[in-house]
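This is entry01.txt (compact mmCIF, C-alpha atoms and all ligand atoms).
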# COMPACT_ATOMS: atom_id res chain seq x y z
CA MET A 1 110.17 177.40 159.08
CA LYS A 2 113.13 177.81 156.82
CA GLN A 3 114.65 174.81 158.54
CA GLN A 4 111.49 172.81 158.00
CA LEU A 5 111.65 173.62 154.28
CA GLU A 6 115.29 172.61 154.07
CA VAL A 7 114.57 169.27 155.75
CA ILE A 8 111.81 168.64 153.22
CA ARG A 9 114.07 169.62 150.32
CA LYS A 10 116.87 167.34 151.47
CA SER A 11 114.80 164.24 152.24
CA ALA A 12 112.60 164.70 149.17
CA LEU A 13 115.54 165.06 146.78
CA GLU A 14 117.22 162.00 148.25
CA ALA A 15 114.08 159.92 147.93
CA ILE A 16 113.38 161.13 144.38
CA THR A 17 116.91 160.36 143.19
CA ALA A 18 116.69 156.90 144.70
CA ALA A 19 113.26 156.07 143.22
CA ALA A 20 113.47 152.85 141.20
CA ALA A 21 110.00 152.75 139.63
CA SER A 22 107.52 155.28 138.26
CA GLU A 23 104.85 154.22 140.81
CA GLU A 24 107.29 155.00 143.58
CA LEU A 25 108.01 158.40 142.01
CA GLU A 26 104.32 159.23 141.79
CA ALA A 27 103.87 158.34 145.47
CA LEU A 28 106.71 160.73 146.36
CA ARG A 29 105.14 163.52 144.31
CA VAL A 30 101.91 163.09 146.24
CA LYS A 31 103.77 162.85 149.54
CA TYR A 32 105.60 166.18 149.08
CA LEU A 33 103.71 168.25 146.51
CA GLY A 34 100.18 166.88 146.78
CA LYS A 35 97.24 168.76 148.33
CA LYS A 36 97.89 167.05 151.63
CA GLY A 37 101.63 166.91 151.00
CA GLU A 38 104.38 167.98 153.36
CA LEU A 39 105.35 171.12 151.42
CA THR A 40 101.73 172.21 151.16
CA ALA A 41 101.35 171.71 154.89
CA VAL A 42 104.27 174.05 155.54
CA LEU A 43 102.92 176.68 153.11
CA LYS A 44 99.61 176.65 154.96
CA GLN A 45 101.44 178.02 157.99
CA MET A 46 102.62 181.11 156.02
CA GLY A 47 99.74 183.11 157.49
CA LYS A 48 101.34 182.98 160.89
CA LEU A 49 104.46 184.75 159.65
CA SER A 50 105.16 188.46 159.98
CA PRO A 51 104.65 190.59 156.81
CA GLU A 52 108.44 190.96 156.47
CA GLU A 53 109.16 187.27 156.69
CA ARG A 54 106.38 186.16 154.40
CA PRO A 55 107.90 187.10 150.99
CA ILE A 56 111.27 185.63 151.97
CA MET A 57 109.76 182.38 153.08
CA GLY A 58 107.50 182.43 150.02
CA GLN A 59 110.57 182.61 147.82
CA VAL A 60 112.31 179.78 149.63
CA ALA A 61 109.16 177.66 149.43
CA ASN A 62 108.89 178.31 145.67
CA GLU A 63 112.52 177.36 145.20
CA VAL A 64 111.97 174.09 147.05
CA ARG A 65 108.86 173.34 144.99
CA ALA A 66 110.71 174.12 141.75
CA ALA A 67 113.65 171.98 142.83
CA LEU A 68 111.39 169.05 143.67
CA GLU A 69 109.44 169.36 140.42
CA ALA A 70 112.67 169.49 138.42
CA ALA A 71 114.01 166.46 140.26
CA ILE A 72 110.79 164.55 139.65
CA ASP A 73 110.88 165.37 135.92
CA GLU A 74 114.46 164.26 135.72
CA ALA A 75 113.76 161.05 137.61
CA ARG A 76 110.78 160.35 135.33
CA GLU A 77 113.02 160.60 132.26
CA ARG A 78 115.65 158.45 133.87
CA LEU A 79 113.13 155.75 134.72
CA ALA A 80 111.55 155.82 131.23
CA ALA A 81 114.98 155.47 129.62
CA ALA A 82 115.87 152.57 131.94
CA LYS A 83 112.57 150.87 131.18
CA LEU A 84 113.15 151.18 127.42
CA GLU A 85 116.69 149.89 127.85
CA GLN A 86 115.41 146.84 129.74
CA GLN A 87 112.72 146.23 127.14
CA LEU A 88 115.30 146.32 124.36
CA ILE A 89 117.38 143.76 126.23
CA ASP A 90 114.39 141.52 126.98
CA GLU A 91 113.02 141.61 123.46
CA ALA A 92 116.31 141.45 121.65
CA ILE A 93 116.35 139.17 118.59
CA ASP A 94 119.65 137.57 117.82
CA VAL A 95 119.62 137.53 114.05
CA THR A 96 122.78 135.45 114.01
CA ILE A 97 121.10 132.39 115.64
CA PRO A 98 120.63 129.73 112.93
CA GLY A 99 116.96 129.18 111.99
CA LYS A 100 115.02 126.13 113.09
CA GLU A 101 115.37 123.40 110.53
CA VAL A 102 112.15 122.57 108.72
CA ARG A 103 111.88 118.81 108.38
CA ILE A 104 110.38 117.81 105.07
CA GLY A 105 108.91 114.34 104.75
CA HIS A 106 108.92 112.15 101.68
CA LYS A 107 107.10 109.18 100.24
CA HIS A 108 107.04 105.94 102.17
CA PRO A 109 109.39 103.38 100.54
CA MET A 110 106.46 101.11 99.75
CA TYR A 111 104.74 103.87 97.79
CA LYS A 112 108.02 104.64 96.04
CA ALA A 113 108.12 101.01 94.93
CA LEU A 114 104.47 101.29 93.84
CA ASP A 115 105.26 104.40 91.77
CA GLU A 116 108.00 102.46 89.99
CA ILE A 117 105.69 99.50 89.39
CA LYS A 118 102.94 101.74 88.01
CA GLU A 119 105.39 103.47 85.70
CA ILE A 120 106.66 100.17 84.32
CA PHE A 121 103.13 98.91 83.58
CA VAL A 122 101.91 102.22 82.18
CA GLY A 123 104.93 102.10 79.86
CA MET A 124 103.61 98.74 78.64
CA GLY A 125 100.17 100.17 77.88
CA PHE A 126 98.36 99.24 81.10
CA THR A 127 95.73 101.48 82.74
CA VAL A 128 95.83 101.99 86.53
CA LEU A 129 92.48 101.39 88.28
CA ASP A 130 91.32 102.22 91.80
CA GLY A 131 88.55 100.25 93.52
CA PRO A 132 86.58 99.88 96.76
CA GLU A 133 88.08 98.33 99.88
CA VAL A 134 84.57 97.62 101.20
CA GLU A 135 83.54 95.05 98.63
CA LEU A 136 80.65 92.73 97.84
CA ALA A 137 81.38 89.07 98.51
CA SER A 138 79.93 88.39 95.07
CA TYR A 139 82.85 90.31 93.53
CA ASN A 140 85.46 89.09 95.98
CA PHE A 141 84.38 85.42 95.70
CA ASP A 142 81.38 84.31 93.56
CA LYS A 143 82.32 85.96 90.30
CA LEU A 144 85.88 84.72 90.84
CA ASN A 145 84.69 81.13 90.95
CA ALA A 146 85.18 80.72 94.71
CA GLU A 147 81.92 79.05 95.56
CA GLU A 148 79.96 78.96 98.80
CA GLY A 149 81.96 76.85 101.27
CA HIS A 150 85.35 77.70 99.80
CA PRO A 151 87.84 77.89 102.72
CA SER A 152 88.87 81.49 101.90
CA ARG A 153 85.26 82.60 102.59
CA ASP A 154 85.45 81.45 106.19
CA TRP A 155 84.60 83.93 108.97
CA SER A 156 87.89 83.09 110.64
CA ASP A 157 89.77 84.55 107.65
CA THR A 158 87.56 87.40 106.45
CA PHE A 159 86.23 90.67 107.89
CA TYR A 160 82.48 90.66 107.13
CA PHE A 161 80.12 93.56 107.80
CA ASP A 162 76.83 91.61 107.88
CA GLU A 163 75.63 88.27 109.19
CA ASP A 164 74.78 87.08 105.69
CA SER A 165 78.44 87.42 104.63
CA ARG A 166 77.54 89.65 101.70
CA VAL A 167 79.61 92.78 102.43
CA MET A 168 83.25 92.56 103.46
CA LEU A 169 86.67 94.16 103.48
CA ARG A 170 88.18 92.80 100.30
CA SER A 171 90.64 90.00 101.00
CA GLN A 172 92.37 90.44 97.65
CA THR A 173 92.46 92.96 94.78
CA SER A 174 91.13 90.29 92.41
CA PRO A 175 87.53 91.67 92.51
CA MET A 176 89.02 94.45 90.37
CA GLN A 177 89.34 91.85 87.59
CA VAL A 178 85.56 91.48 87.62
CA ARG A 179 84.96 95.24 87.86
CA ALA A 180 87.26 95.78 84.87
CA MET A 181 85.62 93.04 82.77
CA GLU A 182 82.14 94.38 83.56
CA THR A 183 82.91 98.00 82.69
CA MET A 184 85.75 98.13 80.16
CA LYS A 185 85.92 97.49 76.45
CA LEU A 186 88.12 94.64 75.21
CA PRO A 187 91.06 94.26 74.97
CA ILE A 188 91.79 94.92 78.66
CA ARG A 189 95.18 95.74 80.16
CA ILE A 190 94.91 96.96 83.75
CA ILE A 191 96.66 97.05 87.08
CA ALA A 192 94.78 97.84 90.32
CA PRO A 193 96.83 98.55 93.45
CA GLY A 194 95.30 98.86 96.93
CA ARG A 195 94.78 97.66 100.46
CA VAL A 196 93.44 94.21 101.30
CA TYR A 197 92.40 92.72 104.66
CA ARG A 198 92.68 89.29 106.24
CA LYS A 199 92.34 88.10 109.82
CA ASP A 200 96.05 87.43 110.21
CA GLU A 201 98.12 87.70 113.35
CA VAL A 202 101.01 90.14 113.08
CA ASP A 203 104.45 88.56 112.68
CA ALA A 204 107.57 89.08 110.55
CA THR A 205 105.67 88.28 107.36
CA HIS A 206 101.97 88.83 108.18
CA SER A 207 99.69 91.80 108.91
CA PRO A 208 95.85 92.00 108.90
CA MET A 209 96.12 94.80 106.33
CA PHE A 210 98.53 94.68 103.43
CA HIS A 211 98.76 95.83 99.85
CA GLN A 212 98.39 94.05 96.55
CA VAL A 213 98.74 95.07 92.95
CA GLU A 214 96.31 93.21 90.73
CA GLY A 215 97.02 92.90 87.02
CA MET A 216 95.00 91.54 84.12
CA VAL A 217 95.29 91.23 80.36
CA ILE A 218 92.45 89.97 78.14
CA ASP A 219 92.77 89.81 74.40
CA LYS A 220 92.61 87.36 71.54
CA GLY A 221 95.38 84.74 71.53
CA VAL A 222 96.89 85.64 74.90
CA THR A 223 98.95 82.77 76.41
CA MET A 224 100.94 81.76 79.48
CA ALA A 225 104.09 82.74 77.58
CA ASP A 226 102.86 86.36 77.59
CA LEU A 227 102.31 86.15 81.34
CA LYS A 228 105.82 84.86 82.00
CA GLY A 229 107.47 87.21 79.51
CA THR A 230 105.68 90.27 80.88
CA LEU A 231 106.30 89.49 84.56
CA ASN A 232 109.97 88.65 83.95
CA ALA A 233 110.42 91.94 82.09
CA VAL A 234 108.73 93.84 84.95
CA MET A 235 110.99 92.19 87.56
CA GLU A 236 114.11 93.05 85.58
CA GLU A 237 112.95 96.67 85.27
CA LEU A 238 112.26 96.82 88.98
CA PHE A 239 115.20 94.88 90.42
CA GLY A 240 117.82 95.15 87.70
CA GLU A 241 118.99 93.15 84.73
CA GLY A 242 119.60 89.46 85.33
CA THR A 243 117.03 89.21 88.16
CA VAL A 244 116.27 85.52 88.61
CA THR A 245 112.66 84.35 88.93
CA ARG A 246 110.96 80.99 89.07
CA PHE A 247 107.36 79.88 88.49
CA ARG A 248 105.79 77.13 90.61
CA PRO A 249 102.45 75.44 89.93
CA HIS A 250 99.72 76.49 92.36
CA HIS A 251 95.94 76.65 92.67
CA PHE A 252 93.54 79.60 92.58
CA PRO A 253 89.80 79.24 91.89
CA PHE A 254 89.84 81.99 89.24
CA THR A 255 92.86 80.93 87.16
CA GLU A 256 93.64 77.73 85.29
CA PRO A 257 96.46 76.86 85.14
CA SER A 258 97.73 78.79 88.17
CA CYS A 259 101.22 79.51 89.44
CA GLU A 260 103.20 81.44 91.98
CA MET A 261 106.28 83.43 91.08
CA ASP A 262 109.34 83.73 93.32
CA VAL A 263 112.26 86.14 93.04
CA GLN A 264 115.68 85.06 94.24
CA CYS A 265 116.41 86.39 97.75
CA HIS A 266 118.32 89.68 97.77
CA LYS A 267 119.89 88.98 101.15
CA CYS A 268 121.59 85.69 100.45
CA GLY A 269 121.47 85.45 96.65
CA GLY A 270 119.64 82.14 96.84
CA LYS A 271 121.66 80.37 99.54
CA GLY A 272 118.96 80.63 102.21
CA CYS A 273 118.80 83.09 105.13
CA PRO A 274 116.30 84.42 107.74
CA THR A 275 114.81 86.95 105.27
CA CYS A 276 113.76 84.16 102.87
CA LYS A 277 113.23 81.68 105.74
CA GLY A 278 116.05 79.55 104.41
CA GLU A 279 114.37 79.09 101.03
CA GLY A 280 116.65 81.25 98.89
CA TRP A 281 113.51 82.59 97.18
CA ILE A 282 110.85 85.13 98.05
CA GLU A 283 107.30 84.55 96.85
CA VAL A 284 106.05 87.80 95.30
CA LEU A 285 102.89 86.97 93.37
CA GLY A 286 100.18 84.55 92.40
CA ALA A 287 99.10 84.37 88.77
CA GLY A 288 97.55 82.25 86.05
CA MET A 289 95.37 82.12 82.95
CA VAL A 290 91.94 83.59 83.67
CA HIS A 291 89.53 80.67 84.20
CA PRO A 292 87.04 80.36 81.29
CA LYS A 293 84.18 80.28 83.83
CA VAL A 294 85.32 83.64 85.20
CA LEU A 295 85.38 85.14 81.70
CA GLU A 296 81.91 83.78 80.94
CA MET A 297 80.43 85.01 84.26
CA SER A 298 81.51 88.54 83.29
CA GLY A 299 80.04 88.15 79.79
CA ILE A 300 83.24 87.51 77.84
CA ASP A 301 83.29 84.77 75.21
CA SER A 302 85.98 82.35 76.40
CA GLU A 303 86.18 80.75 72.94
CA GLU A 304 87.26 84.04 71.41
CA TYR A 305 89.21 85.64 74.25
CA THR A 306 91.85 84.44 76.70
CA GLY A 307 93.65 86.32 79.45
CA TRP A 308 96.03 86.18 82.34
CA ALA A 309 96.04 87.80 85.73
CA PHE A 310 98.34 88.23 88.68
CA GLY A 311 98.19 89.59 92.23
CA MET A 312 101.45 90.72 93.74
CA GLY A 313 102.24 91.49 97.35
CA LEU A 314 103.41 95.09 97.37
CA GLU A 315 105.17 94.92 100.75
CA ARG A 316 107.24 91.94 99.64
CA LEU A 317 108.23 93.67 96.41
CA ALA A 318 109.16 96.86 98.27
CA MET A 319 111.24 94.77 100.69
CA ARG A 320 113.08 93.17 97.80
CA ARG A 321 113.40 96.50 95.96
CA PHE A 322 114.90 98.40 98.93
CA LYS A 323 116.57 95.41 100.63
CA ILE A 324 114.42 95.59 103.78
CA ALA A 325 114.73 92.51 105.99
CA ASP A 326 111.54 92.62 108.13
CA LEU A 327 107.96 93.34 107.01
CA ARG A 328 107.13 95.05 110.30
CA LEU A 329 109.52 97.91 109.48
CA ILE A 330 107.18 98.84 106.64
CA PHE A 331 104.22 99.33 109.01
CA GLU A 332 105.90 100.65 112.16
CA ASN A 333 106.71 104.02 110.57
CA ASP A 334 109.80 104.60 112.67
CA VAL A 335 111.21 107.84 111.26
CA ARG A 336 114.77 106.59 111.70
CA PHE A 337 113.92 103.77 109.31
CA LEU A 338 111.87 105.82 106.84
CA GLU A 339 114.54 108.52 106.57
CA GLN A 340 116.89 106.04 104.94
CA PHE A 341 114.94 106.07 101.68
N1 LIG A 401 94.29 86.98 94.53
C1 LIG A 401 95.35 86.02 94.71
C2 LIG A 401 95.85 86.09 96.16
O1 LIG A 401 95.49 87.03 96.87
C3 LIG A 401 96.49 86.27 93.77
C4 LIG A 401 96.14 86.07 92.33
C5 LIG A 401 95.68 87.12 91.57
C6 LIG A 401 96.28 84.84 91.75
C7 LIG A 401 95.38 86.96 90.24
C8 LIG A 401 95.97 84.64 90.40
C9 LIG A 401 95.54 85.70 89.66
O2 LIG A 401 96.59 85.25 96.62
Any chance you could give the structure as structure tokens?
Ligand code: PHE
Amino acid sequence: MKQQLEVIRKSALEAITAAAASEELEALRVKYLGKKGELTAVLKQMGKLSPEERPIMGQVANEVRAALEAAIDEARERLAAAKLEQQLIDEAIDVTIPGKEVRIGHKHPMYKALDEIKEIFVGMGFTVLDGPEVELASYNFDKLNAEEGHPSRDWSDTFYFDEDSRVMLRSQTSPMQVRAMETMKLPIRIIAPGRVYRKDEVDATHSPMFHQVEGMVIDKGVTMADLKGTLNAVMEELFGEGTVTRFRPHHFPFTEPSCEMDVQCHKCGGKGCPTCKGEGWIEVLGAGMVHPKVLEMSGIDSEEYTGWAFGMGLERLAMRRFKIADLRLIFENDVRFLEQF
């Protein structure tokens, strides 16, 4: 029996020392010390021993039990410490690793150009207006003297919402002229930036959605000289002193006389290149003296008041301002492009 106990002690201690996980250790405890365990099985045979042998064997059995319990406790501590150690390794935070860079965006170059334009006009006493992109055809066309049948009203050019062609995506910011005249007190000095829509195919210079900045001045004794002087001053503010412009006669239903204004090409300085399509000039706006009929339709006495108006293409101005060669770059929103501004 003593031998039996020694065998148990030896094999149990070996197994306990080698245990690599707490579940394994618990299984060993059950195997040796549990109710149906090996040590318990041996102790159950004590009754067969002689009265002299019994206390001796009892002592040996107690020693073995104590040894196994001590070994199990020790192993439990060892395993807990190892587990903690592993956890500390797994969850370690390296405080010396550089942090992830937070990428901060910024304004789109076109809106930067718009901010500059607004600031220049506000400095000249203009008010900035905002207006609807879904517009009535009466504001976009009729009250601007573009009568029924005018080519710009065609379905092939305009996004209409209804079959009667009464509601549309505005094709120009000029309806803001009418909205200003109908709601504001004279004299009027406004600009109105925003999106406009036309059924254009996309190419280097066209997009079905683009931006305009409308401008209008109405007062007593306002002339074409004021229009030219103001717009030249704005272009010099925006593009730098000595910026060269030219005015060409043109036609718009709502201005008389009408003109277009070009700015000398920034790429070639007027020689002609792909950016200006060989012209040397970039067209940036349409303008003119507000047609007397337009004034009268909005209830302004055209004998007493005169005015001028313009509509500039914001993308074109931004391209000239930031020396961007292709319109599509403005809409593609490639971060590598945008980050340059
Ligand atoms: N609305 C015109 C266009 O889109 C531009 C313009 C505005 C012309 C104001 C004259 C006066 O082409």
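Ranking A:Gln4, A:Thr245, A:Ser302, A:Ser22 by their shortest atom-to-atom distance to A:Thr40, with all atoms listed in the file included, puts A:Gln4 first.
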List the residues sitting within 10 Å of (107.2, 76.8, 84.9) in the file's frame, using all atoms listed in the file, as a PyMOL selection string. chain A and resi 224-225+228+246-249+259-261
Report the centre and edge lengths, in Å to one decimal, of an axis-aligned box enclosing every atom of ligand LIG 401 (chain A) listed in the file, padded by 4 Å on each side, as lines of an AutoDock Vina configuration file.
center_x = 95.4
center_y = 85.9
center_z = 93.3
size_x = 10.3
size_y = 10.5
size_z = 15.2
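Across A:Val122, A:Ala318, A:Ile89, A:Leu327, the tightest approach to A:His108 is made by A:Ala318 when counting all atoms listed in the file.
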For chain A against ligand LIG 401 (chain A), with a cut-off of 8 Å and counting all atoms listed in the file, what is the closest atom pair and its distance in Å to one decimal for every residue that makes the cut, ordered by chain and number, as CSV?
residue,atom,partner,partner_atom,distance
A:Ser171,CA,A:LIG401,O1,7.0
A:Gln172,CA,A:LIG401,O1,4.7
A:Thr173,CA,A:LIG401,N1,6.3
A:Ser174,CA,A:LIG401,N1,5.0
A:Gln212,CA,A:LIG401,O1,7.6
A:Glu214,CA,A:LIG401,C5,6.2
A:Gly215,CA,A:LIG401,C7,7.0
A:Met216,CA,A:LIG401,C7,7.7
A:Phe252,CA,A:LIG401,C6,6.0
A:Phe254,CA,A:LIG401,C8,6.8
A:Thr255,CA,A:LIG401,C8,5.8
A:Ser258,CA,A:LIG401,C8,6.5
A:Cys259,CA,A:LIG401,C8,7.4
A:Glu260,CA,A:LIG401,C6,7.7
A:Leu285,CA,A:LIG401,C3,6.5
A:Gly286,CA,A:LIG401,C6,4.0
A:Ala287,CA,A:LIG401,C8,3.5
A:Gly288,CA,A:LIG401,C8,5.2
A:Met289,CA,A:LIG401,C9,7.6
A:Val290,CA,A:LIG401,C9,7.3
A:Trp308,CA,A:LIG401,C9,7.4
A:Ala309,CA,A:LIG401,C9,4.5
A:Phe310,CA,A:LIG401,C7,3.6
A:Gly311,CA,A:LIG401,C5,3.6
A:Met312,CA,A:LIG401,C3,6.7
Stretch 66-76 of chain A environment, 7 Å, all atoms listed in the file, sequence neighbours closer than 6 positions dropped, as a PyMOL selection string: chain A and resi 13+16-17+22
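Ranking A:Glu38, A:Glu24, A:Glu182, A:Glu101 by their shortest atom-to-atom distance to A:Ser11, with only C-alpha atoms included, puts A:Glu38 first.
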For a quick check of understanding, using only C-alpha atoms, which of A:Lys112, A:Arg29, A:Lys185, A:Lys2 has the smallest distance to A:Asn62?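 Among the listed residues, the smallest separation from A:Asn62 belongs to A:Lys2.
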Closest to A:Ser207 among A:Arg195, A:Glu339, A:Met46, A:Leu136, using only C-alpha atoms?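 Among A:Arg195, A:Glu339, A:Met46, A:Leu136, it is A:Arg195 that comes nearest to A:Ser207.
Considering the residues A:Leu238, A:Val196, A:Ile117, A:Ile93 and counting all atoms listed in the file, A:Met168 has its shortest atom-to-atom contact with A:Val196.
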Polymer residues at most 12 Å from stretch 275-280 of chain A, only C-alpha atoms, same-chain spacing of 6 or more positions, as a count of residues only: 21
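Distance-wise, atom CA of A:Ile300 and atom CA of A:Leu186 end up 9.0 Å apart.
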Show which residues sit within 12 Å of A:Glu148, as a JSON list (two decimals) with C-alpha atoms, in the coordinates of the input. Count all atoms listed in the file, and ignore same-chain residues fewer than 6 positions away.
[["chain", "number", "residue", "atom", "x", "y", "z"],
["A", 137, "ALA", "CA", 81.38, 89.07, 98.51],
["A", 138, "SER", "CA", 79.93, 88.39, 95.07],
["A", 140, "ASN", "CA", 85.46, 89.09, 95.98],
["A", 141, "PHE", "CA", 84.38, 85.42, 95.70],
["A", 142, "ASP", "CA", 81.38, 84.31, 93.56],
["A", 154, "ASP", "CA", 85.45, 81.45, 106.19],
["A", 164, "ASP", "CA", 74.78, 87.08, 105.69],
["A", 165, "SER", "CA", 78.44, 87.42, 104.63],
["A", 166, "ARG", "CA", 77.54, 89.65, 101.70]]
Missing atoms in stretch 208-216 of chain A: fill them in up to all heavy atoms and send the result as an mmCIF file, in the coordinates of the input.
data_model
loop_
_atom_site.group_PDB
_atom_site.id
_atom_site.type_symbol
_atom_site.label_atom_id
_atom_site.label_comp_id
_atom_site.auth_asym_id
_atom_site.auth_seq_id
_atom_site.Cartn_x
_atom_site.Cartn_y
_atom_site.Cartn_z
ATOM 1 N N PRO A 208 97.263 92.116 109.310
ATOM 2 C CA PRO A 208 95.850 92.000 108.900
ATOM 3 C C PRO A 208 95.492 92.942 107.749
ATOM 4 O O PRO A 208 94.450 92.783 107.113
ATOM 5 C CB PRO A 208 95.070 92.366 110.160
ATOM 6 C CG PRO A 208 96.043 93.009 111.068
ATOM 7 C CD PRO A 208 97.416 92.582 110.680
ATOM 8 N N MET A 209 96.324 93.930 107.483
ATOM 9 C CA MET A 209 96.120 94.800 106.330
ATOM 10 C C MET A 209 97.419 94.796 105.541
ATOM 11 O O MET A 209 98.489 94.946 106.145
ATOM 12 C CB MET A 209 95.770 96.214 106.776
ATOM 13 C CG MET A 209 95.403 97.176 105.667
ATOM 14 S SD MET A 209 96.807 97.868 104.772
ATOM 15 C CE MET A 209 97.586 98.848 106.045
ATOM 16 N N PHE A 210 97.336 94.569 104.261
ATOM 17 C CA PHE A 210 98.530 94.680 103.430
ATOM 18 C C PHE A 210 98.116 95.152 102.044
ATOM 19 O O PHE A 210 96.951 95.482 101.817
ATOM 20 C CB PHE A 210 99.326 93.366 103.412
ATOM 21 C CG PHE A 210 98.570 92.160 102.929
ATOM 22 C CD1 PHE A 210 98.754 91.676 101.635
ATOM 23 C CD2 PHE A 210 97.680 91.490 103.760
ATOM 24 C CE1 PHE A 210 98.065 90.552 101.187
ATOM 25 C CE2 PHE A 210 96.985 90.360 103.319
ATOM 26 C CZ PHE A 210 97.179 89.899 102.025
ATOM 27 N N HIS A 211 99.056 95.256 101.163
ATOM 28 C CA HIS A 211 98.760 95.830 99.850
ATOM 29 C C HIS A 211 99.037 94.828 98.733
ATOM 30 O O HIS A 211 99.987 94.065 98.808
ATOM 31 C CB HIS A 211 99.627 97.071 99.591
ATOM 32 C CG HIS A 211 99.351 98.197 100.543
ATOM 33 N ND1 HIS A 211 99.756 98.167 101.856
ATOM 34 C CD2 HIS A 211 98.710 99.377 100.368
ATOM 35 C CE1 HIS A 211 99.364 99.295 102.446
ATOM 36 N NE2 HIS A 211 98.729 100.043 101.582
ATOM 37 N N GLN A 212 98.158 94.861 97.739
ATOM 38 C CA GLN A 212 98.390 94.050 96.550
ATOM 39 C C GLN A 212 98.331 94.931 95.315
ATOM 40 O O GLN A 212 97.751 96.025 95.345
ATOM 41 C CB GLN A 212 97.311 92.969 96.415
ATOM 42 C CG GLN A 212 97.437 91.832 97.429
ATOM 43 C CD GLN A 212 96.468 90.699 97.155
ATOM 44 O OE1 GLN A 212 95.387 90.909 96.606
ATOM 45 N NE2 GLN A 212 96.849 89.490 97.526
ATOM 46 N N VAL A 213 98.943 94.453 94.252
ATOM 47 C CA VAL A 213 98.740 95.070 92.950
ATOM 48 C C VAL A 213 98.180 93.976 92.050
ATOM 49 O O VAL A 213 98.844 92.964 91.805
ATOM 50 C CB VAL A 213 100.055 95.621 92.344
ATOM 51 C CG1 VAL A 213 99.767 96.307 91.013
ATOM 52 C CG2 VAL A 213 100.738 96.583 93.312
ATOM 53 N N GLU A 214 96.927 94.171 91.629
ATOM 54 C CA GLU A 214 96.310 93.210 90.730
ATOM 55 C C GLU A 214 96.683 93.595 89.299
ATOM 56 O O GLU A 214 96.885 94.766 88.988
ATOM 57 C CB GLU A 214 94.770 93.286 90.884
ATOM 58 C CG GLU A 214 94.027 92.125 90.284
ATOM 59 C CD GLU A 214 94.150 90.871 91.143
ATOM 60 O OE1 GLU A 214 94.639 90.959 92.278
ATOM 61 O OE2 GLU A 214 93.751 89.782 90.669
ATOM 62 N N GLY A 215 96.764 92.610 88.436
ATOM 63 C CA GLY A 215 97.020 92.900 87.020
ATOM 64 C C GLY A 215 96.211 91.952 86.163
ATOM 65 O O GLY A 215 95.938 90.815 86.568
ATOM 66 N N MET A 216 95.752 92.424 85.015
ATOM 67 C CA MET A 216 95.000 91.540 84.120
ATOM 68 C C MET A 216 95.137 91.987 82.676
ATOM 69 O O MET A 216 95.126 93.180 82.378
ATOM 70 C CB MET A 216 93.517 91.515 84.512
ATOM 71 C CG MET A 216 92.733 90.512 83.670
ATOM 72 S SD MET A 216 91.093 90.169 84.336
ATOM 73 C CE MET A 216 90.252 91.601 83.811
#
